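Visitor: The structure that follows is given in the form of structure tokens.
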Amino acid sequence: MSINWFKYSSPQTFFPVAGRLALVFGALALLACAAGLYLGFFVAPTDAQQGESYRIIFIHVPAAWMSMFLYFVMAFWAGLGLAFNTRLSGMMASAIAPTGALFTFIALWTGSLWGRPAWGTWWVWDARLTSELVLLFLYFGFMALQAAIDDPRRADKAGAVLALVGVVDLPIIYFSVQWWNTLHQGASVSLTKAPTMAATMLAGMLVMIFGFWFYSIAAVMLRARCIMLERERGSEWAGQHARGAA
Amino acid sequence: MNWGSLDNFLAMGGYGLYVWGSYAVTLVLIAAELILLGRRRRNAVGRIR
């Protein structure tokens with residue numbers, strides 16, 4: 001049996017699916033974040049070296065993971081759009097960019113507020129911080145480029161090229177703590193070593209990662225629905241939806 | 001972790017500014033994104049009708 005994936009690449013069929021996904025993942029995000037914050041603030045112990053300041057980790061690490069993961073998914077959709085010229089792919093890439101930029105900014109902001117007590121500085125131009133800042137500018141560049149081109153199909157293509165070239169920044173961010181001497185600590189969680197933190201701290205962080213992940217799916221689906229309505233506003237299905245949503 | 005009192009919880013062992021500064025900005029930005037998404041949707045529907 002084969003599934004016709006292209007069926008869902010039409011905005012008309014994907015629009016109601018996106019609405020249901022947004023609802024389900026929005027609810028899951030609320031649950032996961034409530035559980036994660038409970039673990040983070042009421043179960044996880046005080047850190048022996050950093051005191052309570054380490055509790056920033058429960059948003060800093062999930063936001064940083066999402067900033068990179070969302071860029072990867074955005075570039076994936078952008079590349080798919082270039083290869084197959086499907087309408088939905090470009091819409092998905094555009095829908096992801098603002099949420100990706102949001103989490104990149106949150107990662108930088110919380111990192112700065114953590115860096116002050118931990119390192120004695122709000123900001124240093126070291127490899128990890130600088131490459132994450134470059135990621136923020138890649139998101140902004142993608143959004144600005146798309147906003148500057150009137151024809152949405154051409155905007156998708158131009159944005160896709162930028163997104164694909166920018167993928168180079170992802171391994172640089174990830175491996176920066178190994179390749180260069182930096183203030184930023186290495187990965188707290190890896191597949192090859194035991195985690196370097198208490199089990200309850202780790203649990204809170206992982207649950208928050210799921211929470212941010214679910215939230216991202218919900219927000220991206222909501223934005224994808226907006227983009228579908230905007231780009232297909234002359235179509236029969238969009239008209240029907242708009243009249244129904246009165 | 002037992003904080004004992006609300007004051008202790010808010011103080012975060014002297015790191016309240018950093019911890020709550022992180023959480024507050026994150027919450028505000030996520031709320032802003034959802035509000036902007038709602039507005040964008042209303043505008044899109046309004047332009048079709």
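Residue names in the structure tokens use chain letters A, B, ... in the order shown, residue numbers from 1 in each chain, and ligand numbers from 1 in the order shown.
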Distance table requested - chain B against chain A, cut-off 7 Å, only C-alpha atoms: one row per qualifying residue with the closest atom pair and its distance in Å to one decimal, ordered by chain and rising residue number, as a Markdown table.
Guide:
| residue | atom | partner | partner_atom | distance |
| --- | --- | --- | --- | --- |
| B:Met1 | CA | A:Phe42 | CA | 4.7 |
| B:Asn2 | CA | A:Phe42 | CA | 6.6 |
| B:Met12 | CA | A:Glu52 | CA | 5.6 |
| B:Gly13 | CA | A:Glu52 | CA | 5.8 |
| B:Tyr15 | CA | A:Ser53 | CA | 5.5 |
| B:Tyr18 | CA | A:Leu113 | CA | 5.1 |
| B:Val19 | CA | A:Ile56 | CA | 5.6 |
| B:Ser22 | CA | A:Thr110 | CA | 5.0 |
| B:Thr26 | CA | A:Ile106 | CA | 6.2 |
| B:Leu37 | CA | A:Arg223 | CA | 6.4 |
| B:Arg40 | CA | A:Cys226 | CA | 6.6 |
| B:Arg41 | CA | A:Cys226 | CA | 5.2 |
| B:Ala44 | CA | A:Glu230 | CA | 5.6 |
| B:Val45 | CA | A:Ala242 | CA | 5.1 |
| B:Ile48 | CA | A:Arg233 | CA | 5.7 |
| B:Arg49 | CA | A:Ala242 | CA | 6.4 |
Visitor: For N, CA and C atoms, I'd like the residues from the last selection saved as a CSV table (one decimal), in the first residue's frame.
Guide:
chain,number,residue,atom,x,y,z
B,1,MET,N,12.5,19.8,46.0
B,1,MET,CA,12.9,21.1,46.4
B,1,MET,C,11.8,21.8,47.2
B,2,ASN,N,12.1,22.1,48.5
B,2,ASN,CA,11.1,22.8,49.3
B,2,ASN,C,11.5,24.2,49.6
B,12,MET,N,15.1,33.1,44.7
B,12,MET,CA,16.0,32.2,43.9
B,12,MET,C,17.4,32.2,44.4
B,13,GLY,N,17.6,32.2,45.7
B,13,GLY,CA,18.9,32.1,46.3
B,13,GLY,C,19.8,33.3,45.9
B,15,TYR,N,19.5,34.8,43.0
B,15,TYR,CA,19.6,34.9,41.5
B,15,TYR,C,18.2,35.2,40.9
B,18,TYR,N,18.0,37.1,37.5
B,18,TYR,CA,18.5,36.3,36.3
B,18,TYR,C,17.5,35.2,35.9
B,19,VAL,N,17.0,34.5,37.0
B,19,VAL,CA,16.1,33.4,36.7
B,19,VAL,C,14.7,33.9,36.2
B,22,SER,N,14.7,35.6,32.8
B,22,SER,CA,14.7,34.6,31.7
B,22,SER,C,13.3,34.2,31.5
B,26,THR,N,10.6,35.1,28.2
B,26,THR,CA,10.2,33.9,27.4
B,26,THR,C,8.7,33.9,27.4
B,37,LEU,N,-0.4,35.9,16.0
B,37,LEU,CA,-1.0,34.9,15.1
B,37,LEU,C,-2.5,35.0,15.1
B,40,ARG,N,-3.2,38.0,12.9
B,40,ARG,CA,-2.9,37.7,11.5
B,40,ARG,C,-4.0,36.9,10.8
B,41,ARG,N,-4.6,36.0,11.6
B,41,ARG,CA,-5.7,35.1,11.1
B,41,ARG,C,-6.9,36.0,10.9
B,44,ALA,N,-6.5,37.9,7.8
B,44,ALA,CA,-6.6,37.1,6.6
B,44,ALA,C,-8.0,36.8,6.3
B,45,VAL,N,-8.8,36.4,7.3
B,45,VAL,CA,-10.2,36.1,7.1
B,45,VAL,C,-11.0,37.3,6.7
B,48,ILE,N,-10.6,38.2,3.0
B,48,ILE,CA,-11.3,37.3,2.0
B,48,ILE,C,-12.8,37.7,2.0
B,49,ARG,N,-13.4,38.1,3.1
B,49,ARG,CA,-14.8,38.4,3.2
B,49,ARG,C,-15.1,39.8,2.6
Visitor: At what distance in Å, to one decimal, does atom CA of Ser10 of chain A lie from atom CA of Ala83 of chain A?
Guide: 16.0 Å
Visitor: Got a sec: who's within 8 Å of segment 175-183 of chain A, counting only C-alpha atoms, leaving out chain neighbours fewer than 4 positions off, as a PyMOL selection string?
Guide: chain A and resi 119+126-128+171
Visitor: Write the residues of the selection above to a file with N, CA and C atoms, as an mmCIF file, in the first residue's frame.
Guide:
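Final output, saved to selection.cif:
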data_model
loop_
_atom_site.group_PDB
_atom_site.id
_atom_site.type_symbol
_atom_site.label_atom_id
_atom_site.label_comp_id
_atom_site.auth_asym_id
_atom_site.auth_seq_id
_atom_site.Cartn_x
_atom_site.Cartn_y
_atom_site.Cartn_z
ATOM 1 N N TRP A 119 29.617 33.327 34.470
ATOM 2 C CA TRP A 119 30.923 33.678 33.904
ATOM 3 C C TRP A 119 31.361 35.083 34.260
ATOM 4 N N ASP A 126 32.509 34.506 21.662
ATOM 5 C CA ASP A 126 33.159 33.207 21.476
ATOM 6 C C ASP A 126 32.354 32.380 20.482
ATOM 7 N N ALA A 127 32.862 31.192 20.135
ATOM 8 C CA ALA A 127 32.334 30.456 18.987
ATOM 9 C C ALA A 127 30.862 30.093 19.151
ATOM 10 N N ARG A 128 30.463 29.576 20.325
ATOM 11 C CA ARG A 128 29.087 29.125 20.517
ATOM 12 C C ARG A 128 28.114 30.290 20.445
ATOM 13 N N PRO A 171 26.064 22.711 12.094
ATOM 14 C CA PRO A 171 27.173 21.952 12.692
ATOM 15 C C PRO A 171 28.183 22.853 13.391
#
Visitor: Have a look at atom CA of Ala101 of chain A and atom CA of Leu136 of chain A and let me know their distance in Å, one decimal.
Guide: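 Separating atom CA of Ala101 of chain A from atom CA of Leu136 of chain A is a distance of 5.7 Å.
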Visitor: Measuring between only C-alpha atoms, which one of A:Ser9, A:Thr104, A:Gln49, A:Ser131 shows the shortest distance to Gly81 of chain A?
Guide: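 So, comparing all the options, the nearest one is A:Ser9.
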Visitor: Please, which residues of chain B, numbered as in this document, come out alpha helix (DSSP H) from DSSP, as a VMD selection string?
Guide: chain B and resid 6 to 11 16 to 48
Visitor: Mind checking which residues fall within 12 Å of Leu80 of chain A, counting only C-alpha atoms, ignoring those fewer than 5 positions away in the same chain, and posting them as a PyMOL selection string?
Guide: chain A and resi 6+9+73-75+85-93+156-157+160-161+163-164
Visitor: Okay, now the selection with N, CA and C atoms, as a CSV table (one decimal), in the first residue's frame?
Guide:
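Result written to out33.csv:
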chain,number,residue,atom,x,y,z
A,6,PHE,N,1.5,13.5,-1.8
A,6,PHE,CA,1.2,14.7,-2.5
A,6,PHE,C,-0.2,15.3,-2.2
A,9,SER,N,0.0,17.8,0.2
A,9,SER,CA,0.7,19.0,-0.2
A,9,SER,C,-0.1,20.0,-0.8
A,73,VAL,N,14.5,21.9,10.0
A,73,VAL,CA,13.2,21.5,9.4
A,73,VAL,C,12.8,22.6,8.3
A,74,MET,N,13.1,23.9,8.6
A,74,MET,CA,12.8,24.9,7.7
A,74,MET,C,13.6,24.7,6.4
A,75,ALA,N,14.8,24.4,6.5
A,75,ALA,CA,15.7,24.2,5.3
A,75,ALA,C,15.2,22.9,4.6
A,85,ASN,N,8.7,21.7,-6.3
A,85,ASN,CA,7.9,22.8,-6.6
A,85,ASN,C,6.5,22.7,-6.1
A,86,THR,N,6.3,22.1,-4.9
A,86,THR,CA,5.0,22.0,-4.2
A,86,THR,C,4.7,23.3,-3.5
A,87,ARG,N,3.4,23.7,-3.6
A,87,ARG,CA,3.0,25.0,-3.0
A,87,ARG,C,3.2,25.0,-1.5
A,88,LEU,N,2.9,23.8,-0.9
A,88,LEU,CA,2.8,23.8,0.6
A,88,LEU,C,4.2,23.9,1.2
A,89,SER,N,5.3,23.4,0.5
A,89,SER,CA,6.6,23.4,1.1
A,89,SER,C,7.1,24.8,1.5
A,90,GLY,N,6.9,25.7,0.5
A,90,GLY,CA,7.4,27.1,0.8
A,90,GLY,C,6.6,27.7,1.9
A,91,MET,N,5.3,27.4,2.0
A,91,MET,CA,4.5,27.9,3.0
A,91,MET,C,4.9,27.4,4.4
A,92,MET,N,5.3,26.1,4.5
A,92,MET,CA,5.8,25.6,5.7
A,92,MET,C,7.1,26.2,6.2
A,93,ALA,N,8.0,26.4,5.2
A,93,ALA,CA,9.3,27.1,5.5
A,93,ALA,C,9.0,28.5,6.1
A,156,ASP,N,9.6,32.3,-2.2
A,156,ASP,CA,9.9,30.9,-1.7
A,156,ASP,C,11.2,30.4,-2.2
A,157,LYS,N,11.5,30.6,-3.5
A,157,LYS,CA,12.7,30.1,-4.1
A,157,LYS,C,13.9,30.8,-3.5
A,160,ALA,N,14.5,29.8,0.0
A,160,ALA,CA,15.0,28.4,0.1
A,160,ALA,C,16.5,28.4,-0.1
A,161,VAL,N,17.0,29.2,-1.1
A,161,VAL,CA,18.4,29.1,-1.4
A,161,VAL,C,19.2,29.7,-0.1
A,163,ALA,N,18.1,29.7,3.0
A,163,ALA,CA,17.9,28.7,4.1
A,163,ALA,C,18.9,27.5,3.9
A,164,LEU,N,19.1,27.0,2.7
A,164,LEU,CA,19.9,25.9,2.4
A,164,LEU,C,21.4,26.2,2.7
